[in-house]
$ cat structure10.tsv   # TSV, C-alpha atoms and all ligand atoms
chain	number	residue	atom	x	y	z
A	1	MET	CA	-17.08	-29.85	58.96
A	2	ASN	CA	-15.37	-27.56	61.45
A	3	PRO	CA	-11.71	-28.63	61.89
A	4	HIS	CA	-11.88	-27.49	65.55
A	5	ILE	CA	-15.01	-29.50	66.38
A	6	GLN	CA	-13.25	-32.02	68.63
A	7	ASP	CA	-11.74	-29.20	70.73
A	8	PHE	CA	-15.23	-27.82	71.19
A	9	PHE	CA	-16.62	-31.20	72.25
A	10	LYS	CA	-13.75	-31.64	74.68
A	11	LEU	CA	-14.70	-28.32	76.24
A	12	ILE	CA	-18.38	-29.28	76.51
A	13	ARG	CA	-17.74	-32.82	77.76
A	14	SER	CA	-15.33	-31.88	80.50
A	15	SER	CA	-17.67	-31.09	83.34
A	16	PHE	CA	-15.69	-28.34	85.08
A	17	ARG	CA	-14.93	-26.46	81.89
A	18	TYR	CA	-18.55	-26.86	80.79
A	19	ARG	CA	-19.68	-25.24	84.05
A	20	MET	CA	-17.29	-22.34	83.47
A	21	PHE	CA	-18.51	-22.08	79.91
A	22	THR	CA	-22.21	-21.90	80.83
A	23	LEU	CA	-21.43	-19.58	83.70
A	24	MET	CA	-19.65	-17.16	81.38
A	25	LYS	CA	-21.90	-17.46	78.35
A	26	LEU	CA	-25.26	-18.49	79.75
A	27	PRO	CA	-25.50	-17.60	83.45
A	28	ALA	CA	-29.23	-18.39	83.60
A	29	ALA	CA	-28.63	-21.89	82.21
A	30	PHE	CA	-25.98	-22.39	84.86
A	31	ILE	CA	-28.34	-21.41	87.67
A	32	ALA	CA	-31.18	-23.53	86.26
A	33	GLY	CA	-28.86	-26.57	86.20
A	34	VAL	CA	-29.14	-27.17	82.45
A	35	MET	CA	-26.64	-29.92	81.60
A	36	VAL	CA	-25.36	-31.27	78.30
A	37	ARG	CA	-25.40	-35.06	78.73
A	38	GLU	CA	-24.36	-36.23	75.32
A	39	VAL	CA	-23.07	-34.47	72.21
A	40	ASP	CA	-21.57	-35.25	68.80
A	41	GLU	CA	-21.83	-33.52	65.42
A	42	ASN	CA	-25.34	-34.89	64.78
A	43	LYS	CA	-27.05	-35.03	68.12
A	44	CYS	CA	-27.18	-33.24	71.44
A	45	ARG	CA	-29.00	-34.30	74.63
A	46	VAL	CA	-29.59	-31.77	77.40
A	47	THR	CA	-31.39	-32.09	80.72
A	48	VAL	CA	-33.03	-29.53	82.96
A	49	PRO	CA	-33.96	-30.49	86.53
A	50	PHE	CA	-37.21	-29.81	88.27
A	51	LYS	CA	-36.28	-27.74	91.31
A	52	TRP	CA	-37.67	-24.75	93.18
A	53	LEU	CA	-35.68	-22.28	91.08
A	54	THR	CA	-37.15	-23.52	87.84
A	55	GLN	CA	-40.68	-24.09	89.10
A	56	ASN	CA	-43.58	-21.83	88.21
A	57	PRO	CA	-46.60	-21.30	90.48
A	58	PHE	CA	-48.36	-24.18	88.68
A	59	ARG	CA	-45.74	-26.65	89.87
A	60	SER	CA	-44.25	-27.32	86.46
A	61	THR	CA	-40.95	-26.14	84.99
A	62	TYR	CA	-41.00	-22.58	83.69
A	63	PHE	CA	-41.24	-22.30	79.96
A	64	ALA	CA	-38.10	-20.12	80.05
A	65	CYS	CA	-36.13	-22.99	81.56
A	66	LEU	CA	-37.47	-25.51	79.08
A	67	SER	CA	-36.72	-23.12	76.27
A	68	MET	CA	-33.22	-22.58	77.60
A	69	ALA	CA	-32.55	-26.31	77.66
A	70	ALA	CA	-34.02	-26.70	74.18
A	71	GLU	CA	-31.96	-23.79	72.92
A	72	MET	CA	-28.86	-25.32	74.46
A	73	SER	CA	-29.47	-28.59	72.61
A	74	THR	CA	-29.80	-26.86	69.22
A	75	GLY	CA	-27.31	-24.07	69.98
A	76	ILE	CA	-24.50	-26.47	70.98
A	77	LEU	CA	-24.78	-28.24	67.61
A	78	ALA	CA	-24.56	-24.88	65.81
A	79	MET	CA	-21.71	-23.67	68.01
A	80	ALA	CA	-19.78	-26.88	67.32
A	81	GLN	CA	-19.67	-25.84	63.65
A	82	ILE	CA	-18.70	-22.22	64.23
A	83	TYR	CA	-16.28	-22.59	67.14
A	84	LYS	CA	-12.91	-20.94	66.21
A	85	ARG	CA	-14.02	-21.00	62.57
A	86	LYS	CA	-12.15	-18.91	59.99
A	87	PRO	CA	-13.67	-16.84	58.49
A	88	SER	CA	-15.72	-16.34	61.61
A	89	VAL	CA	-19.37	-17.26	61.55
A	90	SER	CA	-22.11	-15.84	63.74
A	91	MET	CA	-25.52	-17.19	64.64
A	92	LEU	CA	-28.70	-15.62	65.92
A	93	VAL	CA	-31.95	-17.15	67.15
A	94	VAL	CA	-34.70	-15.29	65.29
A	95	LYS	CA	-37.82	-17.22	66.20
A	96	VAL	CA	-38.96	-19.81	68.74
A	97	GLU	CA	-42.07	-21.97	68.42
A	98	SER	CA	-43.30	-24.58	70.81
A	99	GLU	CA	-45.94	-27.25	71.10
A	100	TYR	CA	-46.97	-28.76	74.40
A	101	PHE	CA	-48.41	-32.17	74.96
A	102	LYS	CA	-48.12	-32.44	78.75
A	103	LYS	CA	-47.04	-30.36	81.71
A	104	ALA	CA	-43.32	-30.62	82.28
A	105	ALA	CA	-42.84	-31.85	85.79
A	106	GLY	CA	-39.79	-33.78	86.92
A	107	ARG	CA	-36.55	-33.79	84.99
A	108	THR	CA	-37.03	-32.89	81.33
A	109	GLN	CA	-34.62	-34.01	78.67
A	110	PHE	CA	-34.24	-32.33	75.27
A	111	ILE	CA	-32.77	-34.00	72.22
A	112	CYS	CA	-31.92	-32.22	68.98
A	113	GLU	CA	-30.81	-34.37	66.07
A	114	ASP	CA	-30.41	-31.62	63.46
A	115	GLY	CA	-26.60	-31.37	63.57
A	116	ALA	CA	-26.25	-32.14	59.85
A	117	LYS	CA	-28.40	-29.10	59.01
A	118	PHE	CA	-25.95	-26.82	60.82
A	119	THR	CA	-22.94	-28.44	59.19
A	120	GLU	CA	-24.46	-27.80	55.80
A	121	ALA	CA	-25.63	-24.24	56.55
A	122	VAL	CA	-22.26	-23.15	57.95
A	123	GLU	CA	-20.31	-24.64	55.01
A	124	GLU	CA	-22.64	-22.99	52.54
A	125	SER	CA	-22.54	-19.62	54.27
A	126	ILE	CA	-18.74	-19.68	54.26
A	127	ARG	CA	-18.70	-20.63	50.59
A	128	THR	CA	-21.22	-18.05	49.39
A	129	GLY	CA	-20.81	-15.28	51.98
A	130	GLU	CA	-24.59	-15.28	52.43
A	131	ALA	CA	-26.79	-15.89	55.44
A	132	ARG	CA	-28.57	-19.22	55.88
A	133	THR	CA	-31.61	-19.94	58.03
A	134	VAL	CA	-31.89	-23.24	59.81
A	135	GLN	CA	-34.92	-24.62	61.60
A	136	ALA	CA	-33.82	-27.00	64.30
A	137	ARG	CA	-36.23	-29.04	66.35
A	138	SER	CA	-35.66	-30.13	69.90
A	139	ILE	CA	-37.96	-32.65	71.52
A	140	GLY	CA	-38.34	-32.60	75.27
A	141	THR	CA	-39.61	-35.60	77.20
A	142	ASN	CA	-40.33	-36.02	80.88
A	143	ALA	CA	-39.71	-39.16	82.88
A	144	ASN	CA	-42.97	-40.67	81.55
A	145	GLY	CA	-41.92	-40.07	77.96
A	146	GLU	CA	-44.44	-37.25	77.47
A	147	GLN	CA	-43.43	-34.59	74.99
A	148	VAL	CA	-42.89	-30.90	74.50
A	149	ARG	CA	-41.49	-29.75	71.14
A	150	ILE	CA	-39.56	-26.53	70.71
A	151	TYR	CA	-38.44	-25.22	67.34
A	152	HIS	CA	-35.61	-22.74	67.00
A	153	HIS	CA	-35.08	-20.77	63.83
A	154	LEU	CA	-31.45	-19.74	63.68
A	155	VAL	CA	-29.76	-17.51	61.16
A	156	ILE	CA	-26.19	-18.48	60.32
A	157	GLN	CA	-24.01	-15.79	58.77
A	158	SER	CA	-20.36	-16.09	57.82
A	159	LYS	CA	-18.35	-12.91	58.13
A	160	THR	CA	-16.44	-13.13	54.88
A	161	TYR	CA	-14.90	-10.25	52.99
A	162	ILE	CA	-12.48	-9.71	55.80
A	163	MET	CA	-8.89	-9.48	54.75
A	164	LYS	CA	-6.30	-8.24	57.14
A	165	ILE	CA	-2.85	-6.90	56.47
A	166	THR	CA	-0.49	-6.57	59.38
A	167	PHE	CA	2.89	-4.96	59.20
A	168	HIS	CA	5.69	-6.56	61.10
A	169	GLY	CA	8.62	-4.22	60.93
A	170	ALA	CA	8.43	-2.03	57.88
A	171	ALA	CA	5.72	0.25	59.17
A	172	ARG	CA	7.51	0.92	62.43
A	173	THR	CA	11.13	1.06	61.40
A	174	VAL	CA	13.09	1.40	58.21
A	175	THR	CA	14.55	-2.11	58.32
A	176	GLY	CA	13.11	-5.59	58.54
A	177	SER	CA	10.18	-5.48	56.13
A	178	LYS	CA	7.46	-8.09	56.66
A	179	HIS	CA	3.84	-7.77	55.66
A	180	LEU	CA	1.41	-10.50	56.56
A	181	ILE	CA	-1.85	-10.75	54.64
A	182	THR	CA	-4.55	-12.85	56.26
A	183	LEU	CA	-7.19	-13.84	53.72
A	184	ALA	CA	-10.85	-14.22	54.54
A	185	ASN	CA	-10.38	-18.01	54.42
A	186	GLY	CA	-7.73	-17.73	57.14
A	187	LYS	CA	-4.71	-18.45	54.88
A	188	LYS	CA	-1.69	-16.27	55.44
A	189	ILE	CA	0.58	-14.83	52.78
A	190	LEU	CA	3.86	-13.23	53.79
A	191	LEU	CA	5.30	-10.41	51.70
A	192	ASP	CA	9.04	-10.21	52.31
A	193	CYS	CA	10.81	-11.50	55.39
A	194	GLY	CA	13.43	-8.92	56.18
A	195	MET	CA	15.98	-8.82	58.96
A	196	PHE	CA	16.22	-5.89	61.35
A	197	GLN	CA	19.59	-4.24	61.31
A	198	GLY	CA	21.34	-1.59	63.35
A	199	LEU	CA	18.75	-1.05	66.05
A	200	GLY	CA	21.18	-1.64	68.91
A	201	LYS	CA	20.24	-3.98	71.75
A	202	GLU	CA	16.68	-4.45	70.46
A	203	THR	CA	17.83	-5.81	67.11
A	204	ASP	CA	18.44	-9.41	68.16
A	205	LEU	CA	15.15	-9.61	70.03
A	206	LEU	CA	13.20	-8.23	67.06
A	207	ASN	CA	14.82	-10.77	64.78
A	208	ARG	CA	14.12	-13.70	67.07
A	209	ASP	CA	10.41	-13.06	67.44
A	210	PHE	CA	8.31	-12.85	64.27
A	211	GLY	CA	5.12	-11.72	65.95
A	212	PHE	CA	3.25	-14.50	64.09
A	213	ASP	CA	3.61	-18.26	63.76
A	214	PRO	CA	5.72	-19.19	60.69
A	215	LYS	CA	3.94	-22.59	60.59
A	216	GLU	CA	0.68	-20.79	59.78
A	217	VAL	CA	2.08	-18.96	56.75
A	218	SER	CA	1.18	-20.86	53.60
A	219	VAL	CA	3.20	-18.98	50.99
A	220	MET	CA	5.66	-16.11	50.66
A	221	ILE	CA	6.31	-13.47	48.01
A	222	LEU	CA	9.76	-11.87	47.90
A	223	SER	CA	10.20	-8.45	46.25
A	224	HIS	CA	13.99	-8.28	46.14
A	225	ALA	CA	17.19	-9.69	47.59
A	226	HIS	CA	18.31	-7.02	50.07
A	227	ILE	CA	18.76	-8.49	53.55
A	228	ASP	CA	16.21	-6.07	55.03
A	229	HIS	CA	13.66	-7.85	52.82
A	230	SER	CA	14.98	-11.44	52.70
A	231	GLY	CA	17.31	-11.86	55.71
A	232	LEU	CA	15.02	-13.86	57.98
A	233	ILE	CA	13.90	-16.44	55.40
A	234	PRO	CA	16.20	-19.17	56.86
A	235	ARG	CA	14.77	-18.55	60.32
A	236	LEU	CA	11.23	-18.60	58.95
A	237	ILE	CA	11.92	-22.08	57.55
A	238	ALA	CA	13.75	-23.24	60.68
A	239	GLU	CA	10.60	-22.30	62.61
A	240	GLY	CA	8.31	-24.40	60.45
A	241	PHE	CA	7.36	-22.50	57.28
A	242	GLU	CA	6.91	-25.12	54.54
A	243	GLY	CA	5.52	-23.18	51.59
A	244	ARG	CA	6.88	-21.81	48.34
A	245	ILE	CA	8.73	-18.49	48.10
A	246	PHE	CA	8.05	-16.66	44.86
A	247	CYS	CA	10.74	-14.36	43.44
A	248	THR	CA	12.28	-13.33	40.13
A	249	SER	CA	15.10	-15.44	38.75
A	250	ALA	CA	17.82	-12.85	39.49
A	251	THR	CA	16.46	-12.41	43.03
A	252	LYS	CA	16.74	-16.16	43.57
A	253	ASP	CA	20.42	-16.19	42.60
A	254	LEU	CA	21.29	-13.08	44.55
A	255	THR	CA	19.31	-14.03	47.68
A	256	THR	CA	20.97	-17.47	47.75
A	257	ILE	CA	24.38	-15.77	47.92
A	258	LEU	CA	23.33	-13.11	50.43
A	259	LEU	CA	21.69	-15.62	52.79
A	260	ARG	CA	24.77	-17.86	52.81
A	261	ASP	CA	26.84	-14.85	53.66
A	262	SER	CA	24.38	-13.70	56.31
A	263	ALA	CA	24.35	-17.17	57.96
A	264	GLU	CA	28.14	-17.11	58.25
A	265	ILE	CA	27.95	-13.69	59.88
A	266	GLN	CA	25.33	-14.98	62.36
A	267	GLU	CA	27.50	-17.97	63.23
A	268	ASP	CA	30.68	-15.89	63.62
A	269	ASP	CA	28.92	-13.27	65.74
A	270	VAL	CA	27.54	-15.88	68.10
A	271	LYS	CA	30.92	-17.64	68.36
A	272	TYR	CA	32.47	-14.35	69.41
A	273	ILE	CA	29.71	-13.53	71.90
A	274	ASN	CA	29.73	-17.06	73.35
A	275	LYS	CA	33.48	-16.91	74.00
A	276	ARG	CA	32.83	-13.94	76.27
A	277	ARG	CA	29.69	-15.49	77.80
A	278	GLY	CA	31.59	-18.73	78.48
A	279	ALA	CA	34.35	-16.82	80.28
A	280	GLU	CA	31.69	-15.16	82.44
A	281	GLY	CA	29.94	-18.49	83.15
A	282	MET	CA	26.80	-17.50	81.17
A	283	THR	CA	24.73	-19.82	78.94
A	284	TYR	CA	25.60	-19.98	75.26
A	285	LEU	CA	23.45	-18.30	72.61
A	286	ARG	CA	22.42	-20.00	69.39
A	287	PRO	CA	22.83	-18.18	66.10
A	288	LEU	CA	19.71	-16.59	64.56
A	289	TYR	CA	20.16	-19.27	61.91
A	290	THR	CA	22.88	-21.49	60.54
A	291	SER	CA	24.44	-22.09	57.11
A	292	GLU	CA	22.40	-25.27	56.96
A	293	ASP	CA	19.17	-23.29	57.42
A	294	ALA	CA	20.27	-20.91	54.65
A	295	GLU	CA	20.89	-23.82	52.26
A	296	LYS	CA	17.41	-25.21	52.95
A	297	ALA	CA	15.89	-21.83	52.08
A	298	THR	CA	17.05	-22.07	48.48
A	299	GLU	CA	14.88	-25.17	47.96
A	300	HIS	CA	11.75	-23.08	48.55
A	301	PHE	CA	12.37	-20.50	45.81
A	302	VAL	CA	10.04	-20.58	42.81
A	303	GLU	CA	11.05	-18.28	39.94
A	304	GLN	CA	8.51	-16.05	38.22
A	305	PRO	CA	9.02	-13.76	35.22
A	306	TYR	CA	8.18	-10.06	35.07
A	307	ASN	CA	4.83	-8.82	33.71
A	308	LYS	CA	2.98	-12.09	34.03
A	309	TRP	CA	0.24	-12.90	36.54
A	310	PHE	CA	0.83	-16.09	38.51
A	311	ASP	CA	-1.29	-17.98	41.07
A	312	VAL	CA	-0.17	-17.57	44.66
A	313	GLU	CA	-3.11	-19.15	46.49
A	314	GLU	CA	-6.65	-19.96	45.56
A	315	GLY	CA	-8.14	-16.61	44.54
A	316	VAL	CA	-4.84	-14.73	44.80
A	317	GLN	CA	-2.65	-13.75	41.87
A	318	ALA	CA	0.54	-11.73	41.76
A	319	MET	CA	2.60	-10.06	39.06
A	320	TYR	CA	6.12	-8.70	39.26
A	321	THR	CA	6.89	-5.45	37.46
A	322	ASP	CA	10.36	-3.94	37.20
A	323	ALA	CA	11.21	-1.67	40.13
A	324	GLY	CA	14.69	-0.59	38.99
A	325	HIS	CA	16.03	-0.87	42.56
A	326	ILE	CA	18.65	-3.62	42.42
A	327	ILE	CA	19.03	-6.48	39.97
A	328	GLY	CA	15.98	-8.73	40.11
A	329	SER	CA	13.96	-6.26	42.18
A	330	ALA	CA	10.28	-5.96	41.53
A	331	ALA	CA	7.15	-4.12	42.47
A	332	VAL	CA	4.55	-6.66	43.51
A	333	ASN	CA	0.98	-6.37	42.22
A	334	LEU	CA	-1.66	-8.45	43.96
A	335	ARG	CA	-5.17	-9.36	42.87
A	336	ILE	CA	-7.32	-10.92	45.54
A	337	LYS	CA	-10.68	-12.48	44.84
A	338	GLU	CA	-13.09	-13.34	47.59
A	339	ASN	CA	-16.26	-15.30	46.94
A	340	GLY	CA	-15.52	-15.18	43.22
A	341	LYS	CA	-15.38	-11.38	43.04
A	342	GLU	CA	-12.25	-9.26	42.76
A	343	LYS	CA	-12.04	-7.51	46.08
A	344	HIS	CA	-8.60	-6.06	46.50
A	345	HIS	CA	-5.87	-4.76	44.29
A	346	ILE	CA	-2.64	-4.01	46.05
A	347	GLN	CA	0.71	-2.78	44.83
A	348	TRP	CA	3.85	-2.25	46.81
B	401	ZN	ZN	16.25	-2.81	48.97
$ encode --input "structure10.tsv" --output "structure tokens"
Amino acid sequence: MNPHIQDFFKLIRSSFRYRMFTLMKLPAAFIAGVMVREVDENKCRVTVPFKWLTQNPFRSTYFACLSMAAEMSTGILAMAQIYKRKPSVSMLVVKVESEYFKKAAGRTQFICEDGAKFTEAVEESIRTGEARTVQARSIGTNANGEQVRIYHHLVIQSKTYIMKITFHGAARTVTGSKHLITLANGKKILLDCGMFQGLGKETDLLNRDFGFDPKEVSVMILSHAHIDHSGLIPRLIAEGFEGRIFCTSATKDLTTILLRDSAEIQEDDVKYINKRRGAEGMTYLRPLYTSEDAEKATEHFVEQPYNKWFDVEEGVQAMYTDAGHIIGSAAVNLRIKENGKEKHHIQW
């Protein structure tokens, strides 16, 4: 089940936002007055009015308008499962069939009750990386209860095999190394969390804004203790990171000492700056992080030996090899499996 499904329903159920949504995504449906009357994960009820715009020369509602309403009733149930989904999932209508029993005159209402089929197809496509075809049926009835049936064949395809690495810091400057790996399943792994140093006025700003949300990072791998690789760990935790931080045993000891030291420097610096700011009637700054934050960081460290693969996340393994840089330093080897197959091998 899509974790964002309730947000999607909120969007559809709120009338103004629904109008904006149909106007942006389905302008013809907006003009035809197609309305979603009722929706949950299993069922969707849509109505289309009988008005001059939707009338054909035979005084019944154009097939296109009926089809649009039917497609809305099946499509909304599919969209509910793929809305904001990670990895992203696409859908495509590949075939439409219809059976008529009576002319559609007056308001027609379409009901699709195939929501469970979409839930299953989307989950399976995400799990296997393969496309799934769903046949969803929507039954239209006029005011007299007379029927028209429209079948939509939709192909659901999850876009797996997408892994993204973004560089925050290291690629642009020599200090402040941070690499964020976003896995196909949406989980985020952070490699190092370094502090920027010596970049003048910009430095403080760069250190205060990660460029990503620490709460969304599930685990971190630390290569070595130097502050330009570890210095922002206390801030990462202060901003909501709750995961484990892998490192070698010597790196754990050394980083603990360096972060304590760094926190004291942050506090002293801010004290000094605030004295001046106070004298000038300006607001006080808060330190980048405090000694308390630095102490908390040490609780997240998980030691790992050299030359042994360990599990980082589901489908992700890492191994430290000696880098001969400073005590405890390591090259990090990563093996990433997606959909059961080894997809990426990274070393840095
Ligand atoms: Zn270093």
$ closest_residue --input "structure10.tsv" --among "A:Ala279, A:Ala294, A:Ala318, A:Val122" --to "A:Ile265" --atoms "all atoms listed in the file"
A:Ala294
$ residues_near_ligand --input "structure10.tsv" --ligand "ligand ZN 401 (chain B)" --cutoff "10 Å" --atoms "all atoms listed in the file" --output "list in words"
Thr175, Ser177, Gly194, Ser223, His224, Ala225, His226, Ile227, Asp228, His229, Ser230, His325, Ile326 and Ser329 of chain A
$ closest_residue --input "structure10.tsv" --among "A:Glu202, A:Lys271, A:Lys296, A:Arg277" --to "A:Arg235" --atoms "all atoms listed in the file"
A:Lys296
$ atom_distance --input "structure10.tsv" --atom1 "atom CA of A:Asp7" --atom2 "atom CA of A:Val46"
19.2 Å
$ atom_distance --input "structure10.tsv" --atom1 "atom CA of A:Gly115" --atom2 "atom CA of A:Pro87"
20.1 Å
$ closest_residue --input "structure10.tsv" --among "A:Ala32, A:Ala184, A:Val134, A:Ala238" --to "A:Val93" --atoms "all atoms listed in the file"
A:Val134
$ atom_distance --input "structure10.tsv" --atom1 "atom CA of A:Thr133" --atom2 "atom CA of A:Glu120"
10.9 Å
$ closest_residue --input "structure10.tsv" --among "A:Lys275, A:His4, A:His300, A:Lys215" --to "A:Ile245" --atoms "only C-alpha atoms"
A:His300
$ residues_near_point --input "structure10.tsv" --point "(22.9, -20.1, 61.0)" --cutoff "7 Å" --atoms "all atoms listed in the file" --output "number ranges by chain"
A: 263-264, 266-267, 287-294
$ closest_residue --input "structure10.tsv" --among "A:Pro3, A:Ile111, A:Val148, A:Arg208" --to "A:Lys84" --atoms "only C-alpha atoms"
A:Pro3
$ residues_around --input "structure10.tsv" --residues "stretch 239-242 of chain A" --least-positions-apart "4" --cutoff "10 Å" --atoms "all atoms listed in the file" --output "JSON, numbers by chain"
{"A": [210, 213, 214, 215, 216, 217, 218, 219, 220, 233, 234, 235, 297, 300]}
$ write_last_selection --input "structure10.tsv" --atoms "C-alpha atoms" --output "CSV table (one decimal), keeping the file's coordinate frame"
chain,number,residue,atom,x,y,z
A,210,PHE,CA,8.3,-12.8,64.3
A,213,ASP,CA,3.6,-18.3,63.8
A,214,PRO,CA,5.7,-19.2,60.7
A,215,LYS,CA,3.9,-22.6,60.6
A,216,GLU,CA,0.7,-20.8,59.8
A,217,VAL,CA,2.1,-19.0,56.8
A,218,SER,CA,1.2,-20.9,53.6
A,219,VAL,CA,3.2,-19.0,51.0
A,220,MET,CA,5.7,-16.1,50.7
A,233,ILE,CA,13.9,-16.4,55.4
A,234,PRO,CA,16.2,-19.2,56.9
A,235,ARG,CA,14.8,-18.6,60.3
A,297,ALA,CA,15.9,-21.8,52.1
A,300,HIS,CA,11.8,-23.1,48.6
$ closest_residue --input "structure10.tsv" --among "A:Ala323, A:Ile336, A:Val34, A:Leu77" --to "A:Cys112" --atoms "all atoms listed in the file"
A:Leu77
